[in-house]
Amino acid sequence: MSEIKLPKIGFGTWMLKPYEARYSTIQAIKLGYRFIDTAQAYRNEGGVGEGLKEVFESGIVKREDLIIATKVHPLRLRTKKAVSSTIKSLQKLQLDYVDIMYVHFPAFVFGYSHKETLGALGKLVDEGKIRHIGVSNFTPNLIRDALEVIDKPIYANQIEHHPYLQQQSVLKFHKDKNIIQVSYSPLGRGKVLKDPVIIEIAKKNEVSSAQVCLAWVINKGAYPIPKATSLGHLKDNFAAIDLQLPDEDIQKIDEIDKHERYVHPPVITPKEWRKKKQNLE
Ligand SMILES: NC(=O)c1ccc[n+]([C@@H]2O[C@H](COP(=O)([O-])OP(=O)(O)OC[C@H]3O[C@@H](n4cnc5c(N)ncnc54)[C@H](OP(=O)(O)O)[C@@H]3O)[C@@H](O)[C@H]2O)c1
């Protein structure tokens, strides 16, 4: 399959109930979003799928106009389960393929292994069910280890990234390795929007605080996927796609990093996992 061009902003769906996911997927696509992010663990793939069916049937977009990304269920990481998780996601989304299938987080504790899980996704790429393999919540070291044992590229790493968690060295690692960085919680789950520096820059540029955060992420060469429930928020966020902040404003935002994380997936390294296993034996 041909390479994909990732739109500068995606639409995140975590916490949306299935009926909200259906509504917001339709509205987002009508507004111009072409990149949708969901996960089997969000339990809303069915809602996203209903929304997609509607936009295809009404002729608003064709399948090939969209980038649809989902994630393997964190409890279904062994070969057979990674395959059945993918089949289930495709059924729920009512699609023949997804553009990106991520490993949701490196859950060694639930049976994740670079060789087994990513190997299973690699076979699904060969079968045309997945276009690209993605990982999420992976550290550079885990990506290095994974690349040693798999024969397919890692297309993207989806990580938490916003003005309060800037992760500059991770961003540089992704650029050096030619791995796309998809930035989740780009609004810091709403918390960064109240920052006085962000508010001042928003006022000065006559845009919203959310747009300032998203423009900053895009300026860094990453791809934000803000979640929004209301039409107003969906519209507000999409308008950031062409917003370029002056360099002086980007620099001011660079200075408000707090190294503060708002999402804590149960990430565990192979070393920690071995230790835990030993303790259990
Ligand atoms: N891979 C992972 O482990 C992982 C983890 C976390 C998130 N993600 C992905 O990243 C997406 C985004 O992250 P997130 O949902 O954690 O947080 P987020 O996008 O940083 O923030 C979402 C919050 O901001 C509000 N909001 C959205 N647009 C706004 C606007 N223009 N003005 C004011 N408030 C606004 C939303 O309210 P309303 O809902 O009321 O509009 C919601 O409360 C998720 O939906 C998911 O797809 C992935």
# chains A, B, ... in the order shown; residues from 1 in each chain; ligands from 1
call {"tool": "residues_around", "arguments": {"residues": "Asp242 (chain A)", "least_positions_apart": "3", "cutoff": "12 Å", "atoms": "only C-alpha atoms", "output": "compact mmCIF listing (two decimals) with C-alpha atoms, in the first residue's frame"}}
result
# COMPACT_ATOMS: atom_id res chain seq x y z
CA PRO A 7 -3.01 15.41 8.63
CA LYS A 8 -1.52 18.00 11.02
CA ILE A 9 -4.34 17.56 13.57
CA VAL A 207 -6.99 32.92 19.27
CA GLN A 211 -5.27 26.76 19.60
CA VAL A 212 -2.06 28.08 21.19
CA LEU A 214 -2.03 22.84 19.36
CA ALA A 215 -0.02 25.33 17.28
CA TRP A 216 2.92 24.85 19.67
CA ILE A 218 2.58 21.38 15.45
CA ASN A 219 5.50 23.83 15.52
CA ASP A 236 -11.93 25.64 17.82
CA ASN A 237 -9.24 22.94 17.73
CA PHE A 238 -9.38 22.36 13.98
CA ALA A 239 -8.80 26.08 13.35
CA LEU A 245 2.72 31.55 16.33
call {"tool": "residues_around", "arguments": {"residues": "region 36-47 of chain A", "least_positions_apart": "6", "cutoff": "9 Å", "atoms": "only C-alpha atoms", "output": "PyMOL selection string"}}
result
chain A and resi 10-23+25+28-29+66-74+85-86+88-94+101-102+104+225
call {"tool": "select_by_dssp", "arguments": {"residues": "region 71-150 of chain A", "states": "strand (DSSP E or B)", "output": "list in words"}}
result
Lys71, Val72, Val98, Asp99, Ile100, Met101, Tyr102, Val103, Ala107, Ile130, Arg131, His132, Ile133, Gly134, Val135 and Ser136 of chain A
call {"tool": "atom_distance", "arguments": {"atom1": "CA of Asp249 (chain A)", "atom2": "CA of Ile198 (chain A)"}}
result
9.0 Å
call {"tool": "residues_around", "arguments": {"residues": "region 156-169 of chain A", "least_positions_apart": "5", "cutoff": "10 Å", "atoms": "only C-alpha atoms", "output": "JSON, numbers by chain"}}
result
{"A": [100, 101, 102, 103, 104, 105, 132, 133, 134, 135, 136, 137, 138, 139, 140, 143, 174, 175, 178, 179, 180, 181, 182, 183, 184, 185, 186, 187, 188, 189, 191, 192, 193, 195, 198, 212, 213, 214, 216, 217, 220, 222, 223, 224, 225, 250, 253, 254, 255, 256, 257, 258, 259, 260, 261, 262, 263, 264]}
call {"tool": "residues_around", "arguments": {"residues": "region 76-80 of chain A", "least_positions_apart": "2", "cutoff": "9 Å", "atoms": "only C-alpha atoms", "output": "list in words"}}
result
Val72, His73, Pro74, Ala82, Val83, Ser84, Ser85, Val103, Ala107, Phe108, Phe110, Gly111, Tyr112, Ser113, Glu116, Thr117, Leu118, Gly119, Ala120 and Leu121 of chain A
call {"tool": "closest_residue", "arguments": {"among": "A:Lys152, A:Lys252, A:Arg34, A:His233", "to": "Pro196 (chain A)", "atoms": "only C-alpha atoms"}}
result
A:Lys252
call {"tool": "select_by_dssp", "arguments": {"residues": "region 15-262 of chain A", "states": "alpha helix (DSSP H)", "output": "ChimeraX atom specification"}}
result
/A:18-31,45-57,79-93,119-126,140-149,168-177,196-205,209-219,231-238,247-254
call {"tool": "write_last_selection", "arguments": {"atoms": "C-alpha atoms", "output": "mmCIF file, in the first residue's frame"}}
result
data_model
loop_
_atom_site.group_PDB
_atom_site.id
_atom_site.type_symbol
_atom_site.label_atom_id
_atom_site.label_comp_id
_atom_site.auth_asym_id
_atom_site.auth_seq_id
_atom_site.Cartn_x
_atom_site.Cartn_y
_atom_site.Cartn_z
ATOM 1 C CA PRO A 18 -20.244 5.212 21.871
ATOM 2 C CA TYR A 19 -23.138 7.579 20.967
ATOM 3 C CA GLU A 20 -20.890 10.606 21.555
ATOM 4 C CA ALA A 21 -18.129 8.995 19.483
ATOM 5 C CA ARG A 22 -20.600 8.473 16.611
ATOM 6 C CA TYR A 23 -21.819 12.092 16.768
ATOM 7 C CA SER A 24 -18.369 13.653 17.173
ATOM 8 C CA THR A 25 -16.826 11.486 14.429
ATOM 9 C CA ILE A 26 -19.478 12.698 11.978
ATOM 10 C CA GLN A 27 -19.129 16.339 13.067
ATOM 11 C CA ALA A 28 -15.329 16.171 13.024
ATOM 12 C CA ILE A 29 -15.267 14.799 9.482
ATOM 13 C CA LYS A 30 -17.790 17.418 8.334
ATOM 14 C CA LEU A 31 -15.502 20.104 9.782
ATOM 15 C CA GLU A 45 -14.889 1.760 18.330
ATOM 16 C CA GLY A 46 -18.486 0.742 17.600
ATOM 17 C CA GLY A 47 -19.624 4.383 17.852
ATOM 18 C CA VAL A 48 -16.741 5.581 15.677
ATOM 19 C CA GLY A 49 -17.630 2.821 13.183
ATOM 20 C CA GLU A 50 -21.278 3.946 13.051
ATOM 21 C CA GLY A 51 -20.118 7.510 12.399
ATOM 22 C CA LEU A 52 -17.760 6.355 9.653
ATOM 23 C CA LYS A 53 -20.497 4.296 8.010
ATOM 24 C CA GLU A 54 -22.707 7.378 7.920
ATOM 25 C CA VAL A 55 -20.100 9.670 6.356
ATOM 26 C CA PHE A 56 -19.217 7.057 3.734
ATOM 27 C CA GLU A 57 -22.867 6.407 2.857
ATOM 28 C CA THR A 79 0.135 -13.522 18.893
ATOM 29 C CA LYS A 80 -3.330 -15.074 18.556
ATOM 30 C CA LYS A 81 -4.959 -12.447 20.739
ATOM 31 C CA ALA A 82 -3.291 -9.520 18.939
ATOM 32 C CA VAL A 83 -4.751 -10.941 15.713
ATOM 33 C CA SER A 84 -8.230 -11.478 17.197
ATOM 34 C CA SER A 85 -8.113 -8.014 18.799
ATOM 35 C CA THR A 86 -7.401 -6.519 15.369
ATOM 36 C CA ILE A 87 -10.225 -8.491 13.726
ATOM 37 C CA LYS A 88 -12.589 -7.332 16.466
ATOM 38 C CA SER A 89 -11.521 -3.688 16.015
ATOM 39 C CA LEU A 90 -12.070 -3.944 12.254
ATOM 40 C CA GLN A 91 -15.545 -5.397 12.804
ATOM 41 C CA LYS A 92 -16.477 -2.650 15.266
ATOM 42 C CA LEU A 93 -15.087 0.081 13.026
ATOM 43 C CA GLY A 119 5.491 -9.802 14.847
ATOM 44 C CA ALA A 120 1.741 -10.509 14.861
ATOM 45 C CA LEU A 121 1.041 -6.943 13.714
ATOM 46 C CA GLY A 122 3.667 -7.372 10.980
ATOM 47 C CA LYS A 123 1.759 -10.358 9.579
ATOM 48 C CA LEU A 124 -1.440 -8.300 9.628
ATOM 49 C CA VAL A 125 0.404 -5.634 7.604
ATOM 50 C CA ASP A 126 1.271 -8.347 5.046
ATOM 51 C CA PRO A 140 13.398 5.427 23.179
ATOM 52 C CA ASN A 141 15.111 2.395 24.775
ATOM 53 C CA LEU A 142 12.050 0.214 24.215
ATOM 54 C CA ILE A 143 11.847 1.363 20.602
ATOM 55 C CA ARG A 144 15.550 0.573 20.091
ATOM 56 C CA ASP A 145 14.994 -2.932 21.533
ATOM 57 C CA ALA A 146 11.894 -3.466 19.389
ATOM 58 C CA LEU A 147 13.632 -2.386 16.176
ATOM 59 C CA GLU A 148 16.299 -5.017 16.769
ATOM 60 C CA VAL A 149 13.836 -7.896 16.628
ATOM 61 C CA GLN A 168 12.428 17.363 24.055
ATOM 62 C CA SER A 169 14.891 14.455 23.993
ATOM 63 C CA VAL A 170 12.148 11.975 23.055
ATOM 64 C CA LEU A 171 10.980 14.261 20.255
ATOM 65 C CA LYS A 172 14.565 14.456 18.962
ATOM 66 C CA PHE A 173 14.892 10.657 19.131
ATOM 67 C CA HIS A 174 11.733 10.273 17.015
ATOM 68 C CA LYS A 175 13.030 12.754 14.442
ATOM 69 C CA ASP A 176 16.420 11.018 14.263
ATOM 70 C CA LYS A 177 14.751 7.627 13.768
ATOM 71 C CA PRO A 196 -1.177 32.581 32.375
ATOM 72 C CA VAL A 197 1.507 32.495 29.631
ATOM 73 C CA ILE A 198 -0.799 30.507 27.327
ATOM 74 C CA ILE A 199 -3.698 32.881 28.081
ATOM 75 C CA GLU A 200 -1.542 35.949 27.391
ATOM 76 C CA ILE A 201 -0.303 34.523 24.051
ATOM 77 C CA ALA A 202 -3.871 33.579 23.106
ATOM 78 C CA LYS A 203 -5.092 37.131 23.813
ATOM 79 C CA LYS A 204 -2.233 38.722 21.913
ATOM 80 C CA ASN A 205 -2.833 36.554 18.823
ATOM 81 C CA SER A 209 -5.734 28.854 24.560
ATOM 82 C CA ALA A 210 -6.422 25.446 22.964
ATOM 83 C CA GLN A 211 -5.272 26.760 19.601
ATOM 84 C CA VAL A 212 -2.064 28.079 21.191
ATOM 85 C CA CYS A 213 -1.279 24.611 22.641
ATOM 86 C CA LEU A 214 -2.025 22.843 19.365
ATOM 87 C CA ALA A 215 -0.017 25.334 17.276
ATOM 88 C CA TRP A 216 2.919 24.851 19.669
ATOM 89 C CA VAL A 217 2.768 21.034 19.247
ATOM 90 C CA ILE A 218 2.584 21.381 15.449
ATOM 91 C CA ASN A 219 5.501 23.834 15.521
ATOM 92 C CA LEU A 231 -19.023 21.009 18.178
ATOM 93 C CA GLY A 232 -17.592 24.279 19.530
ATOM 94 C CA HIS A 233 -14.429 22.597 20.828
ATOM 95 C CA LEU A 234 -14.059 20.493 17.670
ATOM 96 C CA LYS A 235 -14.212 23.668 15.539
ATOM 97 C CA ASP A 236 -11.928 25.642 17.820
ATOM 98 C CA ASN A 237 -9.243 22.944 17.725
ATOM 99 C CA PHE A 238 -9.380 22.359 13.979
ATOM 100 C CA ASP A 247 8.943 32.617 17.371
ATOM 101 C CA GLU A 248 8.970 34.753 20.521
ATOM 102 C CA ASP A 249 5.689 33.114 21.645
ATOM 103 C CA ILE A 250 6.995 29.614 20.935
ATOM 104 C CA GLN A 251 10.047 30.455 23.061
ATOM 105 C CA LYS A 252 7.859 31.693 25.915
ATOM 106 C CA ILE A 253 5.924 28.401 25.841
ATOM 107 C CA ASP A 254 9.205 26.446 25.762
#
call {"tool": "atom_distance", "arguments": {"atom1": "atom 12 (C, counted along the ligand's line) of ligand 1", "atom2": "CA of Glu206 (chain A)"}}
result
23.7 Å
call {"tool": "atom_distance", "arguments": {"atom1": "atom 1 (N, counted along the ligand's line) of ligand 1", "atom2": "CA of Val98 (chain A)"}}
result
16.0 Å
call {"tool": "closest_residue", "arguments": {"among": "A:Gly59, A:Gly32, A:Gly190, A:Asp151", "to": "ligand 1", "atoms": "only C-alpha atoms and all ligand atoms"}}
result
A:Gly190
